[in-house]
Amino acid sequence: SSGINAEYGEFQTFQHYFIQINLSTWFTPGMALQQTSRSLRSLLLGSSRFLTIETKPAKKPITISQYSSLQKQIQEFASQPKTEPSLHAIMKESSSKGKNRLIKSCQYMRHEFLVRVAHVITHLQNLPFILLTNEDIKRVLDLYTYAFTDMLHQPVIQSTKDVDNFNETLSGLLDDLKDILWLLSKGIHDSQMHVTDPDFHKTIKKTIDYIVISRLCNRILARHHLSMHIQREGYVSVVNTNLSLKKVIQKNAAFSANVCQNVYMETLPEVIIDGHADARVAFIPNIIDYVVVEVLKNAFRATVENNLHQVEKPPIICTISNSADYWKIRVSDRGSGMSDEALQNMEKYCFTSFKRDAQYSQAFGEIVSIGGGGFGVGGSSLAGFGVGIPVSKAYIKFVKGSMDYQSLPGIGTDVYIKVPQIGALMNQLFI
């Protein structure tokens with residue numbers, strides 16, 4: 001349709017081209033055109049008569065001298081603790097009144113953003129040296145340093161006009177940082193081939209978990225601040241108070257099914273939703289969207305790849321359970337299951353069952369990167385790098401829940417997602 005706009009952007013230290021679709025979704029055409037030509041042609045040519053392409057200039061790489069001059073300020077902010085407001089506190093603040101509340105919110109957000117980004121930068125700087133030599137990891141460090149610098153130079157907020165300018169800057173920085181997980185995962189994946197330390201994954205897991213959750217919290221806090229200016233029906237701050245779990249599953253199942261259809265040109269498994277299908281909960285939707293699409297993406301891929309050329313494929317069954325204390329989603333597939341070794345390594349960053357030498361798997365992993373959005377919590381762009389499931393488990397652990405796998409090799413896999421009701425999280429979840 002004529003509503004599709006694409007933009008090429010060259011990153012000088014990244015050396016890859018991206019096409020950006022609908023502002024928040026990315027794929028890499030250089031490595032995907034051959035394997036997914038049918039899908040890409042359908043997306044970019046068959047359904048688009050007016051495709052506008054414009055060049056986006058990249059920021060210059062930060063020099064050593066610039067890093068040195070900034071380091072003192074970064075250390076100063078990194079020495080300060082984060083405030084970590086509770087979910088209850090930010091939801092209460094969203095309904096507060098007062099003439100100067102927006103100005104005070106901007107002032108708080110500016111300082112908190114600098115503190116949090118400085119903490120992330122120091123954690124990145126403490127990664128093993130082999131990772132810091134990787135261009136993608138260096139790009140991540142550059143992006144956070146750019147963000148710190150831009151926010152540092154933001155003028156004092158004293159008027160309504162200052163508020164508007166600050167919000168525009170903040171929104172731009174969120175957009176600049178939305179691909180951090182993709183770059184980080186690719187950098188780790190490419191670097192591990194040069195590592196001989198058997199404890200490498202244990203060494204980096206704590207740091208990567210910190211960066212992943214810090215990024216999520218930063219974006220939640222920023223979106224909370226921006227939500228004070230634009231109220232959305234059914235939301236209190238970033239929480240959807242009437243979230244349909246059935247619709248969450250249907251939306252992400254439709255996306256995964258569409259990708260499968262484009263790549264495999266096969267009949268697809270039916271997604272059956274049973275249990276408490278009408279259940280509605282209060283929750284931050286982007287978190288559960290990320291987790292559900294990762295689980296369903298894997299279920300679709302496993303089911304289709306292990307039942308190729310079968311007219312009728314076994315269904316994927318999603319069961320919802322809603323009780324006073326918890327809500328749960330179980331996703332059951334018959335995609336031949338996983339080995340005991342795979343289950344033991346599920347939480348390792350860069351461990352993947354993704355067969356990069358398989359034609360269908362590679363095509364699926366690359367084109368699925370066009371999904372995502374929301375807080376930029378990751379979308380589905382991490383296929384094949386062994387990051388989607390560890391990040392999902394980190395997100396669910398962050399909200400005091402659990403995510404467990406049970407698999408029967410040769411049969412299929414069941415995934416259990418368990419999340420406390422919002423009432424239990426109000427004073428336990430700190431952003």
# chains A, B, ... in the order shown; residues from 1 in each chain; ligands from 1
>>> closest_atom_pairs(of="segment 210-241 of chain A", to="segment 74-87 of chain A", cutoff="10 Å", atoms="only C-alpha atoms", output="Markdown table")
| residue | atom | partner | partner_atom | distance |
| --- | --- | --- | --- | --- |
| A:Cys217 | CA | A:Glu84 | CA | 8.7 |
| A:Asn218 | CA | A:Glu84 | CA | 9.9 |
| A:Leu221 | CA | A:Pro85 | CA | 9.0 |
| A:Ser237 | CA | A:Leu87 | CA | 9.4 |
| A:Val238 | CA | A:Leu87 | CA | 9.5 |
| A:Val239 | CA | A:Leu87 | CA | 9.2 |
>>> write_last_selection(atoms="N, CA, C and O atoms", output="compact mmCIF listing (two decimals), in the first residue's frame")
# COMPACT_ATOMS: atom_id res chain seq x y z
N CYS A 217 13.44 -1.23 31.86
CA CYS A 217 12.97 -0.29 32.88
C CYS A 217 13.08 1.16 32.41
O CYS A 217 12.19 1.98 32.66
N ASN A 218 14.18 1.48 31.74
CA ASN A 218 14.35 2.84 31.22
C ASN A 218 13.24 3.20 30.26
O ASN A 218 12.70 4.32 30.27
N LEU A 221 9.87 3.62 32.11
CA LEU A 221 9.83 4.90 32.82
C LEU A 221 9.64 6.06 31.84
O LEU A 221 8.87 6.99 32.10
N SER A 237 -1.04 4.89 33.15
CA SER A 237 0.39 4.93 32.84
C SER A 237 0.68 3.94 31.71
O SER A 237 0.09 4.03 30.65
N VAL A 238 1.55 2.96 31.95
CA VAL A 238 1.90 2.00 30.90
C VAL A 238 1.13 0.69 31.03
O VAL A 238 1.38 -0.27 30.29
N VAL A 239 0.19 0.63 31.96
CA VAL A 239 -0.55 -0.60 32.24
C VAL A 239 -1.89 -0.60 31.54
O VAL A 239 -2.70 0.33 31.71
>>> select_by_dssp(residues="segment 206-374 of chain A", states="strand (DSSP E)", output="PyMOL selection string")
chain A and resi 235-236+239-244+271-275+280-283+316-322+326-333
>>> atom_distance(atom1="atom CA of Thr413 of chain A", atom2="atom CA of Gly337 of chain A")
4.9 Å
>>> residues_around(residues="Ala277 of chain A", least_positions_apart="3", cutoff="8 Å", atoms="only C-alpha atoms", output="PyMOL selection string")
chain A and resi 245-246+273-274+319-320
>>> write_last_selection(atoms="N, CA and C atoms", output="PDB file, in the first residue's frame")
ATOM      1  N   LEU A 245      -6.005 -11.668  27.148  1.00  0.00           N
ATOM      2  CA  LEU A 245      -4.923 -12.606  26.843  1.00  0.00           C
ATOM      3  C   LEU A 245      -5.202 -13.360  25.543  1.00  0.00           C
ATOM      4  N   LYS A 246      -6.468 -13.579  25.254  1.00  0.00           N
ATOM      5  CA  LYS A 246      -6.835 -14.230  23.986  1.00  0.00           C
ATOM      6  C   LYS A 246      -6.390 -13.383  22.801  1.00  0.00           C
ATOM      7  N   ILE A 273      -7.183 -21.864  21.070  1.00  0.00           N
ATOM      8  CA  ILE A 273      -7.120 -21.197  22.372  1.00  0.00           C
ATOM      9  C   ILE A 273      -8.232 -21.753  23.243  1.00  0.00           C
ATOM     10  N   ASP A 274      -7.857 -22.339  24.379  1.00  0.00           N
ATOM     11  CA  ASP A 274      -8.868 -22.900  25.273  1.00  0.00           C
ATOM     12  C   ASP A 274      -8.599 -22.464  26.709  1.00  0.00           C
ATOM     13  N   THR A 319      -3.401 -22.572  26.111  1.00  0.00           N
ATOM     14  CA  THR A 319      -4.363 -22.686  27.203  1.00  0.00           C
ATOM     15  C   THR A 319      -4.154 -21.540  28.185  1.00  0.00           C
ATOM     16  N   ILE A 320      -5.235 -20.841  28.506  1.00  0.00           N
ATOM     17  CA  ILE A 320      -5.183 -19.710  29.438  1.00  0.00           C
ATOM     18  C   ILE A 320      -5.803 -20.124  30.768  1.00  0.00           C
TER      19      ILE A 320
END
>>> atom_distance(atom1="atom CA of Asp333 of chain A", atom2="atom CA of Cys318 of chain A")
8.9 Å
>>> residues_around(residues="Val163 of chain A", least_positions_apart="5", cutoff="7 Å", atoms="only C-alpha atoms", output="MDAnalysis selection string")
chainID A and resid 103 106 157
>>> closest_residue(among="A:Gly401, A:Gly187, A:Gly335, A:Gly410", to="Val387 of chain A", atoms="only C-alpha atoms")
A:Gly187
>>> atom_distance(atom1="atom CA of Leu143 of chain A", atom2="atom CA of Leu429 of chain A")
27.7 Å
>>> residues_around(residues="Glu168 of chain A", least_positions_apart="2", cutoff="12 Å", atoms="only C-alpha atoms", output="PyMOL selection string")
chain A and resi 106+150-151+154+161-166+170-175+222+226+229
>>> closest_residue(among="A:Ser191, A:Ser339, A:Ser402, A:Ile431", to="Arg116 of chain A", atoms="only C-alpha atoms")
A:Ile431
